[in-house]
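Everything below belongs to query32.tsv, which stores TSV, C-alpha atoms.
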chain	number	residue	atom	x	y	z
I	1	MET	CA	83.33	-0.71	53.25
I	2	TYR	CA	86.62	-0.14	51.50
I	3	ARG	CA	89.86	-2.06	51.10
I	4	LEU	CA	93.28	-0.45	50.96
I	5	GLY	CA	96.18	-1.92	49.03
I	6	ILE	CA	99.78	-0.74	49.19
I	7	ASP	CA	102.37	-1.67	46.58
I	8	LEU	CA	105.86	-1.44	48.06
I	9	GLY	CA	108.15	-1.39	45.05
I	10	GLY	CA	111.87	-0.93	44.68
I	11	THR	CA	111.24	2.46	43.02
I	12	ASN	CA	107.77	3.65	44.09
I	13	ILE	CA	105.26	3.18	46.90
I	14	VAL	CA	101.65	3.32	45.68
I	15	ALA	CA	98.46	3.09	47.74
I	16	GLY	CA	95.09	2.35	46.18
I	17	LEU	CA	91.68	2.48	47.82
I	18	CYS	CA	89.09	0.06	46.39
I	19	ASP	CA	85.35	-0.17	46.87
I	20	GLU	CA	83.39	-3.40	47.32
I	21	ASN	CA	83.37	-3.96	43.54
I	22	TYR	CA	87.20	-3.85	43.34
I	23	LYS	CA	87.07	-0.46	41.65
I	24	ILE	CA	89.98	1.86	42.54
I	25	VAL	CA	88.47	5.09	43.86
I	26	ALA	CA	91.68	6.91	44.86
I	27	LYS	CA	95.47	6.54	44.66
I	28	ALA	CA	98.53	8.20	46.17
I	29	SER	CA	102.24	7.56	45.70
I	30	CYS	CA	105.79	8.54	46.61
I	31	LYS	CA	109.33	7.40	45.86
I	32	THR	CA	110.68	4.45	47.86
I	33	ASN	CA	114.19	5.92	48.03
I	34	VAL	CA	116.01	2.79	49.13
I	35	PRO	CA	118.21	2.07	50.93
I	36	ARG	CA	116.84	3.66	54.10
I	37	PRO	CA	115.61	2.40	57.49
I	38	GLU	CA	112.56	0.17	57.77
I	39	SER	CA	110.83	2.69	60.03
I	40	ASP	CA	111.19	5.44	57.40
I	41	ILE	CA	109.66	3.27	54.69
I	42	CYS	CA	106.79	2.37	57.02
I	43	ASP	CA	106.21	6.08	57.65
I	44	SER	CA	106.03	6.66	53.89
I	45	MET	CA	103.60	3.77	53.37
I	46	ALA	CA	101.35	5.06	56.14
I	47	GLU	CA	101.46	8.55	54.64
I	48	VAL	CA	100.42	7.47	51.13
I	49	ALA	CA	97.71	5.22	52.60
I	50	LYS	CA	96.22	8.15	54.49
I	51	LYS	CA	96.51	10.41	51.42
I	52	ALA	CA	94.56	7.93	49.30
I	53	CYS	CA	91.80	7.87	51.91
I	54	GLU	CA	91.77	11.67	52.11
I	55	LYS	CA	91.42	11.97	48.34
I	56	ALA	CA	88.34	9.77	48.45
I	57	GLY	CA	86.90	11.44	51.55
I	58	VAL	CA	87.05	8.12	53.40
I	59	SER	CA	88.06	7.69	57.03
I	60	MET	CA	90.30	4.87	58.19
I	61	ASP	CA	87.33	3.53	60.16
I	62	GLU	CA	85.64	2.80	56.83
I	63	VAL	CA	88.56	0.69	55.64
I	64	GLU	CA	87.77	-2.98	56.22
I	65	SER	CA	91.19	-4.41	55.41
I	66	ILE	CA	94.70	-3.37	54.42
I	67	GLY	CA	97.17	-5.39	52.41
I	68	ILE	CA	100.74	-4.74	51.27
I	69	GLY	CA	102.36	-6.29	48.23
I	70	VAL	CA	106.12	-6.66	48.68
I	71	PRO	CA	108.85	-8.01	46.38
I	72	GLY	CA	110.75	-11.02	47.68
I	73	ALA	CA	110.13	-13.92	50.04
I	74	VAL	CA	107.22	-12.91	52.26
I	75	ASN	CA	105.61	-14.91	55.08
I	76	PRO	CA	101.92	-13.91	55.16
I	77	LYS	CA	101.32	-15.86	58.37
I	78	THR	CA	103.90	-13.96	60.44
I	79	GLY	CA	103.77	-10.67	58.53
I	80	VAL	CA	107.53	-10.80	58.02
I	81	ILE	CA	109.50	-10.00	54.86
I	82	GLU	CA	112.13	-12.73	55.12
I	83	TYR	CA	114.25	-11.51	52.21
I	84	SER	CA	113.93	-8.82	49.56
I	85	ALA	CA	116.86	-8.31	47.17
I	86	ASN	CA	115.65	-4.98	45.79
I	87	LEU	CA	114.73	-3.49	49.17
I	88	HIS	CA	117.84	-4.79	50.96
I	89	PHE	CA	115.92	-6.16	53.96
I	90	HIS	CA	115.96	-9.40	55.94
I	91	ASN	CA	113.34	-10.47	58.52
I	92	TRP	CA	111.43	-7.18	58.53
I	93	GLU	CA	108.30	-7.28	60.73
I	94	VAL	CA	106.40	-4.98	58.42
I	95	SER	CA	102.85	-6.01	59.42
I	96	LYS	CA	103.49	-5.19	63.07
I	97	MET	CA	105.10	-1.84	62.25
I	98	MET	CA	102.24	-0.82	59.91
I	99	ASN	CA	99.63	-1.87	62.43
I	100	GLU	CA	101.22	0.54	64.90
I	101	ARG	CA	100.96	3.38	62.35
I	102	LEU	CA	97.49	2.74	60.94
I	103	GLY	CA	95.73	1.16	63.92
I	104	LYS	CA	94.49	-1.76	61.84
I	105	LYS	CA	95.56	-5.31	61.09
I	106	VAL	CA	97.79	-5.26	58.03
I	107	LEU	CA	98.37	-8.34	55.87
I	108	ILE	CA	101.31	-8.82	53.52
I	109	GLU	CA	101.89	-10.91	50.41
I	110	ASN	CA	104.48	-11.13	47.68
I	111	ASP	CA	103.64	-8.32	45.24
I	112	ALA	CA	103.43	-10.54	42.16
I	113	ASN	CA	101.26	-13.05	44.05
I	114	ALA	CA	98.97	-10.16	45.00
I	115	ALA	CA	98.90	-8.96	41.37
I	116	ALA	CA	98.04	-12.47	40.17
I	117	LEU	CA	95.23	-12.74	42.72
I	118	GLY	CA	93.92	-9.32	41.68
I	119	GLU	CA	93.81	-10.38	38.03
I	120	TYR	CA	92.12	-13.63	39.08
I	121	LEU	CA	89.43	-11.82	41.10
I	122	ALA	CA	88.75	-8.78	38.92
I	123	GLY	CA	91.07	-8.64	35.91
I	124	SER	CA	92.18	-10.51	32.82
I	125	ALA	CA	92.25	-13.90	34.58
I	126	LYS	CA	88.73	-13.58	36.01
I	127	GLY	CA	86.84	-16.82	35.53
I	128	ALA	CA	90.02	-18.90	35.07
I	129	LYS	CA	90.79	-21.84	37.33
I	130	ASN	CA	94.56	-21.46	37.10
I	131	ALA	CA	96.68	-18.46	36.11
I	132	VAL	CA	100.24	-17.15	35.94
I	133	ALA	CA	101.13	-13.45	36.13
I	134	ILE	CA	104.49	-11.87	35.29
I	135	THR	CA	105.22	-8.41	36.71
I	136	LEU	CA	107.89	-6.15	35.27
I	137	GLY	CA	109.31	-3.24	37.26
I	138	THR	CA	112.45	-2.69	39.29
I	139	GLY	CA	112.58	-6.50	39.26
I	140	VAL	CA	110.75	-9.37	37.55
I	141	GLY	CA	108.06	-11.02	39.63
I	142	GLY	CA	105.81	-14.02	39.15
I	143	GLY	CA	102.49	-15.02	40.66
I	144	ILE	CA	100.86	-18.43	40.26
I	145	ILE	CA	97.21	-19.23	41.01
I	146	ILE	CA	96.27	-22.93	41.19
I	147	ASN	CA	92.64	-23.89	41.80
I	148	GLY	CA	91.91	-20.35	42.94
I	149	LYS	CA	94.70	-20.23	45.54
I	150	ILE	CA	98.10	-18.54	45.57
I	151	TYR	CA	100.97	-20.97	45.13
I	152	SER	CA	103.83	-19.93	47.43
I	153	GLY	CA	105.95	-23.05	47.66
I	154	SER	CA	107.67	-24.36	50.78
I	155	ASN	CA	109.78	-21.21	51.29
I	156	PHE	CA	107.30	-18.49	50.16
I	157	ALA	CA	109.38	-18.04	46.99
I	158	GLY	CA	107.77	-20.67	44.78
I	159	ALA	CA	106.84	-18.13	42.11
I	160	GLU	CA	110.00	-16.02	42.14
I	161	LEU	CA	110.29	-16.50	38.38
I	162	GLY	CA	112.62	-13.52	37.99
I	163	HIS	CA	115.32	-15.47	39.81
I	164	MET	CA	115.40	-18.38	37.40
I	165	VAL	CA	118.87	-18.54	35.89
I	166	ILE	CA	118.62	-18.09	32.12
I	167	VAL	CA	122.30	-17.38	31.36
I	168	LYS	CA	125.04	-19.54	32.86
I	169	ASP	CA	127.58	-17.32	34.68
I	170	GLY	CA	125.69	-14.30	33.36
I	171	LYS	CA	125.13	-10.82	34.72
I	172	GLU	CA	125.05	-10.42	38.49
I	173	CYS	CA	121.58	-10.09	39.98
I	174	GLY	CA	120.55	-8.15	43.08
I	175	CYS	CA	119.92	-11.48	44.81
I	176	GLY	CA	123.62	-12.34	44.56
I	177	ARG	CA	123.38	-15.02	41.87
I	178	LYS	CA	124.45	-14.67	38.25
I	179	GLY	CA	122.35	-14.94	35.12
I	180	CYS	CA	118.87	-14.43	36.62
I	181	TRP	CA	116.05	-13.45	34.28
I	182	GLU	CA	115.61	-10.29	36.39
I	183	ALA	CA	119.14	-9.12	35.57
I	184	TYR	CA	118.15	-8.94	31.90
I	185	SER	CA	114.42	-8.19	31.64
I	186	SER	CA	113.53	-5.92	34.57
I	187	ALA	CA	113.46	-2.14	34.13
I	188	THR	CA	116.76	-2.02	36.02
I	189	GLY	CA	118.27	-4.73	33.85
I	190	LEU	CA	117.16	-3.08	30.60
I	191	ILE	CA	118.59	0.27	31.71
I	192	ASN	CA	121.92	-1.39	32.56
I	193	LEU	CA	122.04	-3.22	29.22
I	194	THR	CA	121.27	0.01	27.35
I	195	LYS	CA	124.04	1.88	29.18
I	196	GLU	CA	126.52	-0.90	28.42
I	197	LYS	CA	125.56	-0.83	24.72
I	198	ILE	CA	125.96	2.96	24.52
I	199	LEU	CA	129.35	2.86	26.22
I	200	SER	CA	130.60	0.02	24.00
I	201	GLU	CA	129.69	1.96	20.84
I	202	LYS	CA	131.58	5.03	22.09
I	203	LEU	CA	134.80	3.06	22.51

Once you've parsed the file, please lay out its structure as structure tokens.
Amino acid sequence: MYRLGIDLGGTNIVAGLCDENYKIVAKASCKTNVPRPESDICDSMAEVAKKACEKAGVSMDEVESIGIGVPGAVNPKTGVIEYSANLHFHNWEVSKMMNERLGKKVLIENDANAAALGEYLAGSAKGAKNAVAITLGTGVGGGIIINGKIYSGSNFAGAELGHMVIVKDGKECGCGRKGCWEAYSSATGLINLTKEKILSEKL
């Protein structure tokens, strides 16, 4: 049996099909193109998921489970994205909408939590009891594994390390606060800093 993982990022959507040994056997991707309606993004996720299966010659019936990694505060129990700064969504019932498109139960988790768990199970943190993962992309994510379990905190945002304030009254972040680590160290933040530096030298 196979497992299908979908990474819903602020820039790209990537689907990966894994075998029972956690080996990726096929991938497919497309641009996220936010902002756009939730239903459109779900259509894109379903499309890349099916493409990954097609590349591997695997039918959806052979897929045992499907999981989606999403940036922001995610409630795995309800399948709802409660808040995502980079995707501009609140209370999105993504699990339900993806189940309707793929005909299978779809689980969700914060993307950095999912990355941390992946490293714990089959990557650089394999064999460790506790681990911390930092993900850099459109934003800055964090995943914490304690005693083999994902630490989510009381509000499912316990490892949102990118939204720690590192500069008092600093640059505005997509979450609405100022001075977050993400505003400086994410791909978006670095691009903005580079543009500002170039413009300042031209003046």

With distances taken over all atoms listed in the file, which of I:Ser59, I:Thr135, I:Ser44, I:Asn192 is nearest to Arg3 in chain I? I:Ser59

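Neighbouring residues of range 94-108 of chain I at 7 Å or closer, counting only C-alpha atoms and skipping chain neighbours under 2 positions away, are Cys42, Ala46, Ile66, Gly67, Ile68, Gly69, Pro76, Gly79, Val80, Ile81 and Trp92 of chain I.
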
Compare I:Met1, I:Leu199, I:Ala159, I:Cys30 by their minimum atom-to-atom distance to Asp111 in chain I, counting only C-alpha atoms, and give me the closest one. I:Ala159

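Residue neighbourhood of Leu193 in chain I, excluding near-sequence residues (fewer than 4 positions): I:Tyr184, I:Gly189, I:Lys197, at 8 Å, using all atoms listed in the file.
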
Enter the distance from CA of Leu17 in chain I to CA of Ala115 in chain I, in Å, rounded to one decimal. 15.0 Å

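Of the residues under consideration (I:His163, I:Lys77, I:His88, I:Lys50), I:His163 shows the shortest atom-to-atom contact distance to Ser186 in chain I when counting all atoms listed in the file.
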
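Among the candidate residues I:Ala52, I:Val63, I:Ile41, I:Ile191, the one lying nearest to Ala15 in chain I is I:Ala52, with distances computed using only C-alpha atoms.
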
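Between CA of Gly148 in chain I and CA of Ile13 in chain I the separation is 27.3 Å.
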
Could you write out as lines of an AutoDock Vina configuration file the box around range 79-96 of chain I (axis-aligned, all atoms listed in the file, 4 Å on each side), with centre and edge lengths in Å to one decimal?
center_x = 110.3
center_y = -8.1
center_z = 54.4
size_x = 23.0
size_y = 17.2
size_z = 25.3

Of the candidates I:Thr138, I:Thr194, I:Ser124, I:Thr188, which one gets nearest to Thr11 in chain I if we count all atoms listed in the file? I:Thr138

Could you tell me, as a ChimeraX atom specification, which residues have any atom at most 9 Å from (105.4, -7.8, 39.3), counting only C-alpha atoms? /I:71,111-116,133-143

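Among the candidates I:Pro37, I:Gly176, I:Cys18, I:Phe156, the one nearest to Ala73 in chain I when counting all atoms listed in the file is I:Phe156.
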
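Neighbourhood of point (87.5, 10.5, 47.1): residues with an atom at most 12 Å away, counting all atoms listed in the file, are Tyr2, Gly16, Leu17, Cys18, Asp19, Ile24, Val25, Ala26, Lys27, Ala28, Lys50, Lys51, Ala52, Cys53, Glu54, Lys55, Ala56, Gly57, Val58 and Ser59 of chain I.
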
Could you tell me how far CA of Ala131 in chain I sits from CA of Trp181 in chain I, in Å to one decimal place? 20.1 Å

I'd like the neighbourhood of Ala128 in chain I as an MDAnalysis selection string, where a residue qualifies if any of its atoms comes within 10 Å (using only C-alpha atoms), though same-chain residues fewer than 3 positions away should be ignored. chainID I and resid 119:121 124:125 131 145:148
